[in-house]
Amino acid sequence: MLKRILVTGGAGFLGSHLCDRLVEQGNQVICLDNLFTSQKSNIEHLIGRPNFEFVRHDVIDPYKVEVDQIYNLACPAAPGHYQYNPIKTIKTSVMGAINMLGLAKRLNARILQASTSEVYGDPEIHPQPESYRGSVNPIGIRACYDEGKRAAETLMFDYHRQNKVNVRVVRIFNTYGPRMHPYDGRVVSNFIRQALAGEPITIYGDGSQSRSFCYCDDLLDAIMGMMNGPDDFHGPVNIGNPGEFTIRELAELVVEIAGTGVEIVQARPLPQDDPLQRQPDITLAREKLGWEPRIALREGLQRTIDWFRNADLSQYRPPTPHY
Ligand code: NAD
Ligand code: UDP
């Protein structure tokens with residue numbers, strides 16, 4: 001059944017792909033974004049479609065609209081972006097969640113929260129199941145994001161218990177693909193931009209830290225499946241690709257696919273609180289949503305590199321000096 005759907009953070013990397021799919025299905029889509037880490041070019045092709053509307057608004061301020069579903073994605077996601085104004089980051093997570101939950105409560109709408117693997121901090125358990133409570137430094141430089149997202153999860157479940165709001169929480173692990181901000185400082189965008197520009201690839205630390213990279217199309221299948229999934233399944237559920245790679249392996253793969261033969265350098269020490277390993281246990285997503293990722297890293301990187309090759313990087317404004 002077609003729905004009215006609000007997507008906060010809808011102009012961002014993941015949000016814009018989500019809007020694409022929801023609009024294609026014929027839903028009435030409202031994309032709310034303050035364009036802090038994104039630009040209208042991500043949604044330009046949707047503007048003018050009768051079932052798509054863009055609203056420039058900050059989620060820390062209340063917003064009223066009539067919808068059936070809310071995807072709450074508004075939040076800077078890259079470390080350089082969320083550390084640029086850490087107070088604003090935690091306000092966005094916490095006040096954004098309160099505002100969107102208030103809306104969901106009034107409308108009796110379903111709400112999905114984009115949480116993160118960062119709730120596990122630098123994990124002592126590997127791979128990470130949802131039952132693991134995490135190892136987050138509450139006063140470190142990542143805390144504005146990690147603790148903000150943890151508090152947003154708390155709010156989701158308190159609104160669910162206290163006000164019967166139908167919440168859904170997904171814990172997203174590193175996701176990449178076309179429309180990542182080229183200057184967001186994240187590892188995939190940095191490495192691809194560097195390789196295509198013929199610049200050295202900058203590894204932080206010795207490159208032995210690991211991440212698990214999920215291609216954006218796989219992630220969208222999962223979050224839409226979660227939103228429209230069983231009435232009584234609220235999560236949290238891990239969404240990510242269990243294929244785990246060291247950062248050095250990622251660098252080597254990017255260099256190979258880009259074919260520019262650039263060198264790989266250890267550019268700086270590992271940043272503070274940078275998790276040493278990360279891999280999702282997706283047993284729950286498999287069981288409850290019948291979901292698992294299909295796109296291997298090599299294929300996803302190929303598609304992302306193709307997009308970067310054709311993107312006009314001069315159109316992108318670095319939102320922060322941290323890239
Ligand atoms: P992104 O930075 O491209 O998108 C975030 C969007 O939110 C941007 O368009 C930004 O302008 C907007 N935004 C930020 N603060 C806002 C505010 N106060 N009011 C309104 N809009 C605001 O990042 P993304 O990778 O697309 O991430 C989307 C969501 O998924 C985020 O909540 C992020 O925490 C979560 N997530 C992403 C990943 C990943 O690897 N991509 C991993 C874990 C969690
Ligand atoms: N990283 C790196 N070189 C870069 C950017 C990032 O080695 O140019 C490392 C970073 O220190 C971390 C990993 O890559 O260990 C993933 O970083 P990212 O910022 O993409 O996301 P995170 O998973 O840390 O939130």
# chains A, B, ... in the order shown; residues from 1 in each chain; ligands from 1

$ residues_near_ligand --ligand "ligand 1" --cutoff "6 Å" --atoms "only C-alpha atoms and all ligand atoms" --output "JSON, numbers by chain"
{"A": [9, 10, 11, 12, 13, 14, 15, 33, 34, 35, 36, 37, 38, 57, 58, 59, 60, 73, 74, 75, 76, 77, 92, 114, 115, 116, 172, 173, 174, 175]}

$ residues_near_ligand --ligand "ligand 2" --cutoff "6 Å" --atoms "only C-alpha atoms and all ligand atoms" --output "list of chain:residue names"
A:Ala78, A:Pro79, A:Asn174, A:Gly185, A:Arg186, A:Val187, A:Asn190, A:Thr202, A:Ile203, A:Tyr204, A:Gln209, A:Ile247, A:Leu270, A:Pro271, A:Asp274

$ write_last_selection --atoms "N, CA, C and O atoms" --output "JSON list (two decimals), in the first residue's frame"
[["chain", "number", "residue", "atom", "x", "y", "z"],
["A", 78, "ALA", "N", 30.15, 10.79, 9.15],
["A", 78, "ALA", "CA", 31.59, 10.59, 9.03],
["A", 78, "ALA", "C", 32.29, 11.23, 10.24],
["A", 78, "ALA", "O", 31.90, 12.31, 10.68],
["A", 79, "PRO", "N", 33.34, 10.57, 10.77],
["A", 79, "PRO", "CA", 34.00, 11.12, 11.96],
["A", 79, "PRO", "C", 34.40, 12.59, 11.81],
["A", 79, "PRO", "O", 34.16, 13.40, 12.71],
["A", 174, "ASN", "N", 29.61, 0.05, 8.60],
["A", 174, "ASN", "CA", 30.17, 0.87, 7.50],
["A", 174, "ASN", "C", 29.52, 0.55, 6.15],
["A", 174, "ASN", "O", 29.63, -0.59, 5.67],
["A", 185, "GLY", "N", 35.96, 12.39, 4.40],
["A", 185, "GLY", "CA", 37.07, 11.88, 5.21],
["A", 185, "GLY", "C", 36.93, 10.41, 5.56],
["A", 185, "GLY", "O", 37.79, 9.85, 6.23],
["A", 186, "ARG", "N", 35.81, 9.77, 5.12],
["A", 186, "ARG", "CA", 35.67, 8.34, 5.43],
["A", 186, "ARG", "C", 36.65, 7.55, 4.57],
["A", 186, "ARG", "O", 37.10, 8.01, 3.52],
["A", 187, "VAL", "N", 36.91, 6.34, 5.02],
["A", 187, "VAL", "CA", 38.00, 5.60, 4.41],
["A", 187, "VAL", "C", 37.74, 5.28, 2.94],
["A", 187, "VAL", "O", 38.64, 5.42, 2.09],
["A", 190, "ASN", "N", 37.86, 8.60, 0.85],
["A", 190, "ASN", "CA", 39.25, 9.08, 0.79],
["A", 190, "ASN", "C", 40.10, 8.26, -0.17],
["A", 190, "ASN", "O", 40.77, 8.80, -1.04],
["A", 202, "THR", "N", 46.18, 7.23, 2.03],
["A", 202, "THR", "CA", 46.59, 7.55, 3.41],
["A", 202, "THR", "C", 46.01, 6.56, 4.41],
["A", 202, "THR", "O", 44.84, 6.62, 4.76],
["A", 203, "ILE", "N", 46.86, 5.65, 4.87],
["A", 203, "ILE", "CA", 46.43, 4.72, 5.93],
["A", 203, "ILE", "C", 46.73, 5.36, 7.28],
["A", 203, "ILE", "O", 47.79, 5.94, 7.47],
["A", 204, "TYR", "N", 45.78, 5.27, 8.20],
["A", 204, "TYR", "CA", 46.02, 5.75, 9.57],
["A", 204, "TYR", "C", 46.42, 4.56, 10.43],
["A", 204, "TYR", "O", 45.80, 3.50, 10.35],
["A", 209, "GLN", "N", 43.82, -2.37, 11.50],
["A", 209, "GLN", "CA", 42.44, -2.29, 12.02],
["A", 209, "GLN", "C", 41.48, -2.75, 10.92],
["A", 209, "GLN", "O", 41.78, -2.57, 9.74],
["A", 247, "ILE", "N", 42.20, -2.35, 6.86],
["A", 247, "ILE", "CA", 42.23, -1.11, 6.09],
["A", 247, "ILE", "C", 43.32, -1.20, 5.01],
["A", 247, "ILE", "O", 43.16, -0.69, 3.91],
["A", 270, "LEU", "N", 46.96, 6.17, 14.42],
["A", 270, "LEU", "CA", 45.54, 5.85, 14.54],
["A", 270, "LEU", "C", 44.85, 6.93, 15.38],
["A", 270, "LEU", "O", 45.33, 7.29, 16.45],
["A", 271, "PRO", "N", 43.72, 7.49, 14.89],
["A", 271, "PRO", "CA", 43.04, 8.52, 15.69],
["A", 271, "PRO", "C", 42.57, 7.97, 17.04],
["A", 271, "PRO", "O", 42.38, 6.75, 17.19],
["A", 274, "ASP", "N", 39.77, 5.02, 17.86],
["A", 274, "ASP", "CA", 39.45, 4.38, 16.58],
["A", 274, "ASP", "C", 39.31, 2.87, 16.82],
["A", 274, "ASP", "O", 40.27, 2.22, 17.24]]

$ residues_around --residues "range 280-293 of chain A" --least-positions-apart "4" --cutoff "7 Å" --atoms "only C-alpha atoms" --output "list in words"
Pro127, Gln128, Pro129, Asp218, Ala222, Gly225, Met226, Gly229, Val237, Asn238, Ile239, Gly240, Asn241 and Pro242 of chain A

$ write_last_selection --atoms "N, CA and C atoms" --output "short mmCIF file (atom, residue, chain, number, x, y, z; two decimals), in the first residue's frame"
data_model
loop_
_atom_site.label_atom_id
_atom_site.label_comp_id
_atom_site.auth_asym_id
_atom_site.auth_seq_id
_atom_site.Cartn_x
_atom_site.Cartn_y
_atom_site.Cartn_z
N PRO A 127 32.64 -11.50 16.20
CA PRO A 127 31.88 -10.36 15.71
C PRO A 127 30.87 -9.87 16.73
N GLN A 128 30.24 -8.74 16.48
CA GLN A 128 29.36 -8.14 17.47
C GLN A 128 27.90 -8.57 17.25
N PRO A 129 27.32 -9.28 18.25
CA PRO A 129 25.89 -9.55 18.20
C PRO A 129 25.13 -8.38 18.85
N ASP A 218 22.39 -3.06 -0.74
CA ASP A 218 22.08 -4.11 0.24
C ASP A 218 21.48 -3.50 1.50
N ALA A 222 17.61 -3.92 3.45
CA ALA A 222 17.43 -4.28 4.86
C ALA A 222 16.60 -3.25 5.62
N GLY A 225 13.06 -3.43 4.53
CA GLY A 225 12.50 -4.68 5.05
C GLY A 225 12.18 -4.55 6.53
N MET A 226 13.03 -3.86 7.25
CA MET A 226 12.81 -3.67 8.68
C MET A 226 11.60 -2.77 8.92
N GLY A 229 8.57 -4.77 8.12
CA GLY A 229 8.64 -6.14 8.61
C GLY A 229 7.59 -6.43 9.69
N VAL A 237 18.65 -4.34 15.30
CA VAL A 237 19.17 -5.39 14.44
C VAL A 237 20.38 -4.86 13.68
N ASN A 238 21.43 -5.69 13.66
CA ASN A 238 22.64 -5.32 12.92
C ASN A 238 22.40 -5.44 11.43
N ILE A 239 22.82 -4.41 10.68
CA ILE A 239 22.77 -4.45 9.23
C ILE A 239 24.16 -4.12 8.70
N GLY A 240 24.76 -5.08 8.07
CA GLY A 240 26.10 -4.87 7.54
C GLY A 240 26.54 -6.10 6.78
N ASN A 241 27.70 -6.01 6.17
CA ASN A 241 28.25 -7.14 5.43
C ASN A 241 29.30 -7.81 6.30
N PRO A 242 29.13 -9.09 6.61
CA PRO A 242 30.09 -9.74 7.52
C PRO A 242 31.50 -9.91 6.94
#

$ atom_distance --atom1 "CA of Ile192 in chain A" --atom2 "CA of Ser210 in chain A"
17.6 Å

$ residues_around --residues "range 97-99 of chain A" --least-positions-apart "4" --cutoff "6 Å" --atoms "only C-alpha atoms" --output "MDAnalysis selection string"
chainID A and resid 62 93 152

$ residues_around --residues "Leu112 in chain A" --least-positions-apart "5" --cutoff "8 Å" --atoms "only C-alpha atoms" --output "list in words"
Ile70, Tyr71, Asn72, Val167, Arg168, Val169, Val170 and Met227 of chain A

$ residues_around --residues "Gly261 in chain A" --least-positions-apart "5" --cutoff "9 Å" --atoms "only C-alpha atoms" --output "PyMOL selection string"
chain A and resi 195+198+255-256

$ write_last_selection --atoms "N, CA, C and O atoms" --output "PDB file, in the first residue's frame"
ATOM      1  N   ALA A 195      43.086   7.628  -5.034  1.00  0.00           N
ATOM      2  CA  ALA A 195      43.558   6.749  -6.116  1.00  0.00           C
ATOM      3  C   ALA A 195      43.272   7.372  -7.481  1.00  0.00           C
ATOM      4  O   ALA A 195      44.125   7.334  -8.371  1.00  0.00           O
ATOM      5  N   GLY A 198      45.556  10.191  -8.382  1.00  0.00           N
ATOM      6  CA  GLY A 198      46.977   9.837  -8.484  1.00  0.00           C
ATOM      7  C   GLY A 198      47.762  10.232  -7.244  1.00  0.00           C
ATOM      8  O   GLY A 198      48.983  10.391  -7.299  1.00  0.00           O
ATOM      9  N   VAL A 255      43.423   0.390  -4.996  1.00  0.00           N
ATOM     10  CA  VAL A 255      44.514   0.692  -5.939  1.00  0.00           C
ATOM     11  C   VAL A 255      44.411  -0.235  -7.159  1.00  0.00           C
ATOM     12  O   VAL A 255      44.522   0.203  -8.310  1.00  0.00           O
ATOM     13  N   GLU A 256      44.146  -1.513  -6.882  1.00  0.00           N
ATOM     14  CA  GLU A 256      44.050  -2.481  -7.989  1.00  0.00           C
ATOM     15  C   GLU A 256      42.900  -2.123  -8.938  1.00  0.00           C
ATOM     16  O   GLU A 256      43.074  -2.070 -10.158  1.00  0.00           O
TER      17      GLU A 256
END

$ atom_distance --atom1 "CA of Arg268 in chain A" --atom2 "CA of Gly205 in chain A"
6.2 Å

$ closest_residue --among "A:Leu6, A:Ile295, A:Ala197, A:Leu155" --to "Asp217 in chain A" --atoms "only C-alpha atoms"
A:Ile295

$ select_by_dssp --residues "range 41-119 of chain A" --states "alpha helix (DSSP H)" --output "ChimeraX atom specification"
/A:79-82,86-107

$ select_by_dssp --residues "range 24-265 of chain A" --states "strand (DSSP E)" --output "PyMOL selection string"
chain A and resi 28-33+52-56+69-72+110-116+167-172+175-176+201-204+210-212+214-215+237-239+244-246+264-265

$ closest_atom_pairs --of "range 113-213 of chain A" --to "range 304-313 of chain A" --cutoff "10 Å" --atoms "only C-alpha atoms" --output "JSON lines"
{"residue": "A:Tyr176", "atom": "CA", "partner": "A:Thr304", "partner_atom": "CA", "distance": 7.8}
{"residue": "A:Gly177", "atom": "CA", "partner": "A:Thr304", "partner_atom": "CA", "distance": 5.0}
{"residue": "A:Pro178", "atom": "CA", "partner": "A:Thr304", "partner_atom": "CA", "distance": 5.0}
{"residue": "A:Arg179", "atom": "CA", "partner": "A:Trp307", "partner_atom": "CA", "distance": 7.8}
{"residue": "A:Met180", "atom": "CA", "partner": "A:Thr304", "partner_atom": "CA", "distance": 8.8}
{"residue": "A:His181", "atom": "CA", "partner": "A:Leu313", "partner_atom": "CA", "distance": 9.3}
{"residue": "A:Pro182", "atom": "CA", "partner": "A:Leu313", "partner_atom": "CA", "distance": 7.1}
{"residue": "A:Tyr183", "atom": "CA", "partner": "A:Leu313", "partner_atom": "CA", "distance": 8.9}
{"residue": "A:Val188", "atom": "CA", "partner": "A:Thr304", "partner_atom": "CA", "distance": 9.1}
{"residue": "A:Ser189", "atom": "CA", "partner": "A:Phe308", "partner_atom": "CA", "distance": 8.7}
{"residue": "A:Phe191", "atom": "CA", "partner": "A:Ile305", "partner_atom": "CA", "distance": 10.0}
{"residue": "A:Ile192", "atom": "CA", "partner": "A:Ile305", "partner_atom": "CA", "distance": 6.4}
{"residue": "A:Arg193", "atom": "CA", "partner": "A:Phe308", "partner_atom": "CA", "distance": 7.3}
{"residue": "A:Ala195", "atom": "CA", "partner": "A:Ile305", "partner_atom": "CA", "distance": 9.5}
{"residue": "A:Leu196", "atom": "CA", "partner": "A:Arg309", "partner_atom": "CA", "distance": 7.3}
{"residue": "A:Ala197", "atom": "CA", "partner": "A:Arg309", "partner_atom": "CA", "distance": 9.7}

$ residues_around --residues "Asp158 in chain A" --least-positions-apart "3" --cutoff "12 Å" --atoms "only C-alpha atoms" --output "ChimeraX atom specification"
/A:97-98,101-102,105,151-155,161-167

$ write_last_selection --atoms "all heavy atoms" --output "compact mmCIF listing (two decimals), in the first residue's frame"
# COMPACT_ATOMS: atom_id res chain seq x y z
N ALA A 97 15.74 12.79 17.70
CA ALA A 97 14.96 11.59 18.04
C ALA A 97 13.71 11.98 18.84
O ALA A 97 12.61 11.47 18.58
CB ALA A 97 15.83 10.62 18.84
N ILE A 98 13.87 12.91 19.79
CA ILE A 98 12.70 13.32 20.59
C ILE A 98 11.64 13.95 19.68
O ILE A 98 10.45 13.63 19.78
CB ILE A 98 13.14 14.31 21.71
CG1 ILE A 98 13.98 13.56 22.75
CG2 ILE A 98 11.92 14.98 22.35
CD1 ILE A 98 14.65 14.45 23.79
N LEU A 101 10.11 11.23 17.46
CA LEU A 101 9.28 10.30 18.25
C LEU A 101 7.98 10.97 18.68
O LEU A 101 6.92 10.33 18.70
CB LEU A 101 10.07 9.81 19.46
CG LEU A 101 11.06 8.69 19.14
CD1 LEU A 101 12.13 8.55 20.22
CD2 LEU A 101 10.32 7.35 18.95
N GLY A 102 8.05 12.26 19.00
CA GLY A 102 6.83 13.00 19.36
C GLY A 102 5.86 13.00 18.18
O GLY A 102 4.65 12.79 18.34
N LYS A 105 4.42 9.53 17.70
CA LYS A 105 3.42 9.24 18.75
C LYS A 105 2.08 9.89 18.38
O LYS A 105 1.04 9.24 18.40
CB LYS A 105 3.95 9.80 20.08
CG LYS A 105 3.00 9.66 21.22
CD LYS A 105 3.55 10.34 22.46
CE LYS A 105 2.44 10.64 23.44
NZ LYS A 105 2.88 11.51 24.53
N ALA A 151 21.79 7.18 23.12
CA ALA A 151 20.64 7.85 23.76
C ALA A 151 19.42 7.81 22.85
O ALA A 151 18.29 7.62 23.34
CB ALA A 151 21.01 9.30 24.10
N ALA A 152 19.63 7.94 21.55
CA ALA A 152 18.50 7.88 20.62
C ALA A 152 17.86 6.48 20.68
O ALA A 152 16.63 6.35 20.66
CB ALA A 152 18.96 8.19 19.20
N GLU A 153 18.69 5.44 20.80
CA GLU A 153 18.12 4.09 20.94
C GLU A 153 17.30 4.00 22.22
O GLU A 153 16.20 3.43 22.24
CB GLU A 153 19.24 3.02 20.96
CG GLU A 153 19.88 2.76 19.63
CD GLU A 153 20.61 1.41 19.58
OE1 GLU A 153 20.45 0.58 20.51
OE2 GLU A 153 21.35 1.18 18.60
N THR A 154 17.84 4.56 23.30
CA THR A 154 17.13 4.54 24.59
C THR A 154 15.76 5.20 24.43
O THR A 154 14.73 4.68 24.87
CB THR A 154 17.94 5.30 25.66
OG1 THR A 154 19.25 4.76 25.70
CG2 THR A 154 17.28 5.21 27.03
N LEU A 155 15.76 6.36 23.78
CA LEU A 155 14.50 7.09 23.57
C LEU A 155 13.52 6.25 22.76
O LEU A 155 12.32 6.21 23.07
CB LEU A 155 14.78 8.41 22.85
CG LEU A 155 15.38 9.51 23.74
CD1 LEU A 155 16.07 10.58 22.89
CD2 LEU A 155 14.28 10.14 24.60
N ARG A 161 7.89 1.54 25.02
CA ARG A 161 7.31 0.97 26.24
C ARG A 161 6.24 1.88 26.83
O ARG A 161 5.19 1.44 27.24
CB ARG A 161 8.40 0.73 27.29
CG ARG A 161 9.21 -0.54 27.05
CD ARG A 161 10.19 -0.78 28.18
NE ARG A 161 11.28 0.20 28.15
CZ ARG A 161 12.49 -0.05 27.63
NH1 ARG A 161 12.77 -1.24 27.15
NH2 ARG A 161 13.42 0.88 27.63
N GLN A 162 6.55 3.20 26.87
CA GLN A 162 5.68 4.12 27.58
C GLN A 162 4.50 4.58 26.73
O GLN A 162 3.39 4.75 27.24
CB GLN A 162 6.51 5.35 27.99
CG GLN A 162 5.92 6.16 29.11
CD GLN A 162 6.90 7.26 29.56
OE1 GLN A 162 8.11 7.10 29.51
NE2 GLN A 162 6.36 8.39 29.97
N ASN A 163 4.74 4.79 25.44
CA ASN A 163 3.70 5.38 24.58
C ASN A 163 3.28 4.48 23.42
O ASN A 163 2.55 4.93 22.53
CB ASN A 163 4.18 6.72 24.00
CG ASN A 163 4.43 7.77 25.07
OD1 ASN A 163 5.48 8.37 25.14
ND2 ASN A 163 3.45 7.97 25.94
N LYS A 164 3.77 3.24 23.44
CA LYS A 164 3.39 2.26 22.40
C LYS A 164 3.74 2.71 20.99
O LYS A 164 3.08 2.33 20.01
CB LYS A 164 1.87 1.96 22.46
CG LYS A 164 1.34 1.60 23.83
CD LYS A 164 1.56 0.13 24.12
CE LYS A 164 1.09 -0.27 25.50
NZ LYS A 164 2.03 0.08 26.58
N VAL A 165 4.76 3.54 20.86
CA VAL A 165 5.17 3.93 19.51
C VAL A 165 5.82 2.73 18.83
O VAL A 165 6.60 2.00 19.44
CB VAL A 165 6.16 5.12 19.55
CG1 VAL A 165 6.65 5.47 18.15
CG2 VAL A 165 5.49 6.35 20.19
N ASN A 166 5.45 2.52 17.57
CA ASN A 166 5.96 1.35 16.83
C ASN A 166 7.33 1.68 16.23
O ASN A 166 7.44 2.19 15.11
CB ASN A 166 4.97 0.95 15.74
CG ASN A 166 5.26 -0.45 15.24
OD1 ASN A 166 6.38 -0.95 15.33
ND2 ASN A 166 4.25 -1.11 14.70
N VAL A 167 8.37 1.41 17.02
CA VAL A 167 9.73 1.81 16.63
C VAL A 167 10.47 0.64 15.97
O VAL A 167 10.15 -0.52 16.18
CB VAL A 167 10.55 2.28 17.86
CG1 VAL A 167 9.87 3.44 18.55
CG2 VAL A 167 10.80 1.14 18.83

$ closest_residue --among "A:Gln25, A:Asn228, A:Thr8, A:Gln277" --to "Gln113 in chain A" --atoms "only C-alpha atoms"
A:Thr8

$ closest_residue --among "A:Arg56, A:Arg142, A:Arg248, A:Arg21" --to "Val119 in chain A" --atoms "only C-alpha atoms"
A:Arg142

$ closest_residue --among "A:Lys149, A:Arg211, A:Arg294, A:Arg4" --to "Asp68 in chain A" --atoms "only C-alpha atoms"
A:Arg4

$ decode --residues "range 211-220 of chain A" --atoms "all heavy atoms" --output "JSON list (two decimals), in the first residue's frame"
[["chain", "number", "residue", "atom", "x", "y", "z"],
["A", 211, "ARG", "N", 37.40, -3.32, 9.23],
["A", 211, "ARG", "CA", 36.01, -2.89, 9.10],
["A", 211, "ARG", "C", 35.32, -3.88, 8.16],
["A", 211, "ARG", "O", 35.97, -4.59, 7.39],
["A", 211, "ARG", "CB", 35.90, -1.48, 8.50],
["A", 211, "ARG", "CG", 36.47, -0.34, 9.34],
["A", 211, "ARG", "CD", 35.68, -0.09, 10.60],
["A", 211, "ARG", "NE", 36.14, 1.10, 11.31],
["A", 211, "ARG", "CZ", 37.11, 1.12, 12.23],
["A", 211, "ARG", "NH1", 37.77, 0.01, 12.53],
["A", 211, "ARG", "NH2", 37.43, 2.25, 12.83],
["A", 212, "SER", "N", 33.99, -3.85, 8.17],
["A", 212, "SER", "CA", 33.19, -4.70, 7.29],
["A", 212, "SER", "C", 32.35, -3.76, 6.46],
["A", 212, "SER", "O", 31.60, -2.95, 7.02],
["A", 212, "SER", "CB", 32.31, -5.61, 8.13],
["A", 212, "SER", "OG", 33.12, -6.35, 9.02],
["A", 213, "PHE", "N", 32.45, -3.83, 5.16],
["A", 213, "PHE", "CA", 31.86, -2.80, 4.30],
["A", 213, "PHE", "C", 30.63, -3.34, 3.55],
["A", 213, "PHE", "O", 30.72, -4.34, 2.85],
["A", 213, "PHE", "CB", 32.90, -2.31, 3.28],
["A", 213, "PHE", "CG", 34.10, -1.69, 3.95],
["A", 213, "PHE", "CD1", 35.26, -2.42, 4.14],
["A", 213, "PHE", "CD2", 34.05, -0.37, 4.42],
["A", 213, "PHE", "CE1", 36.37, -1.85, 4.77],
["A", 213, "PHE", "CE2", 35.14, 0.20, 5.04],
["A", 213, "PHE", "CZ", 36.31, -0.55, 5.21],
["A", 214, "CYS", "N", 29.53, -2.61, 3.69],
["A", 214, "CYS", "CA", 28.27, -3.02, 3.08],
["A", 214, "CYS", "C", 27.94, -2.07, 1.94],
["A", 214, "CYS", "O", 28.04, -0.85, 2.10],
["A", 214, "CYS", "CB", 27.18, -2.97, 4.15],
["A", 214, "CYS", "SG", 25.58, -3.56, 3.61],
["A", 215, "TYR", "N", 27.55, -2.60, 0.80],
["A", 215, "TYR", "CA", 27.19, -1.74, -0.33],
["A", 215, "TYR", "C", 25.78, -1.17, -0.08],
["A", 215, "TYR", "O", 24.90, -1.85, 0.45],
["A", 215, "TYR", "CB", 27.23, -2.55, -1.63],
["A", 215, "TYR", "CG", 27.06, -1.68, -2.84],
["A", 215, "TYR", "CD1", 28.03, -0.75, -3.19],
["A", 215, "TYR", "CD2", 25.90, -1.76, -3.62],
["A", 215, "TYR", "CE1", 27.86, 0.07, -4.30],
["A", 215, "TYR", "CE2", 25.74, -0.94, -4.72],
["A", 215, "TYR", "CZ", 26.73, -0.03, -5.05],
["A", 215, "TYR", "OH", 26.56, 0.80, -6.13],
["A", 216, "CYS", "N", 25.58, 0.09, -0.50],
["A", 216, "CYS", "CA", 24.35, 0.81, -0.13],
["A", 216, "CYS", "C", 23.07, 0.09, -0.58],
["A", 216, "CYS", "O", 22.08, 0.09, 0.16],
["A", 216, "CYS", "CB", 24.39, 2.24, -0.63],
["A", 216, "CYS", "SG", 24.70, 2.41, -2.40],
["A", 217, "ASP", "N", 23.07, -0.55, -1.75],
["A", 217, "ASP", "CA", 21.83, -1.20, -2.21],
["A", 217, "ASP", "C", 21.41, -2.31, -1.24],
["A", 217, "ASP", "O", 20.22, -2.50, -0.97],
["A", 217, "ASP", "CB", 22.03, -1.82, -3.60],
["A", 217, "ASP", "CG", 22.14, -0.76, -4.68],
["A", 217, "ASP", "OD1", 22.11, 0.44, -4.34],
["A", 217, "ASP", "OD2", 22.26, -1.13, -5.86],
["A", 218, "ASP", "N", 22.39, -3.06, -0.74],
["A", 218, "ASP", "CA", 22.08, -4.11, 0.24],
["A", 218, "ASP", "C", 21.48, -3.50, 1.50],
["A", 218, "ASP", "O", 20.50, -4.01, 2.06],
["A", 218, "ASP", "CB", 23.35, -4.88, 0.62],
["A", 218, "ASP", "CG", 23.76, -5.90, -0.44],
["A", 218, "ASP", "OD1", 22.88, -6.41, -1.15],
["A", 218, "ASP", "OD2", 24.97, -6.19, -0.54],
["A", 219, "LEU", "N", 22.07, -2.40, 1.94],
["A", 219, "LEU", "CA", 21.59, -1.78, 3.16],
["A", 219, "LEU", "C", 20.14, -1.30, 3.01],
["A", 219, "LEU", "O", 19.31, -1.47, 3.91],
["A", 219, "LEU", "CB", 22.48, -0.58, 3.52],
["A", 219, "LEU", "CG", 21.96, 0.06, 4.79],
["A", 219, "LEU", "CD1", 22.79, -0.36, 5.97],
["A", 219, "LEU", "CD2", 21.85, 1.53, 4.68],
["A", 220, "LEU", "N", 19.82, -0.74, 1.84],
["A", 220, "LEU", "CA", 18.46, -0.24, 1.62],
["A", 220, "LEU", "C", 17.44, -1.37, 1.68],
["A", 220, "LEU", "O", 16.37, -1.22, 2.25],
["A", 220, "LEU", "CB", 18.37, 0.48, 0.28],
["A", 220, "LEU", "CG", 19.10, 1.82, 0.26],
["A", 220, "LEU", "CD1", 19.04, 2.43, -1.13],
["A", 220, "LEU", "CD2", 18.52, 2.80, 1.26]]
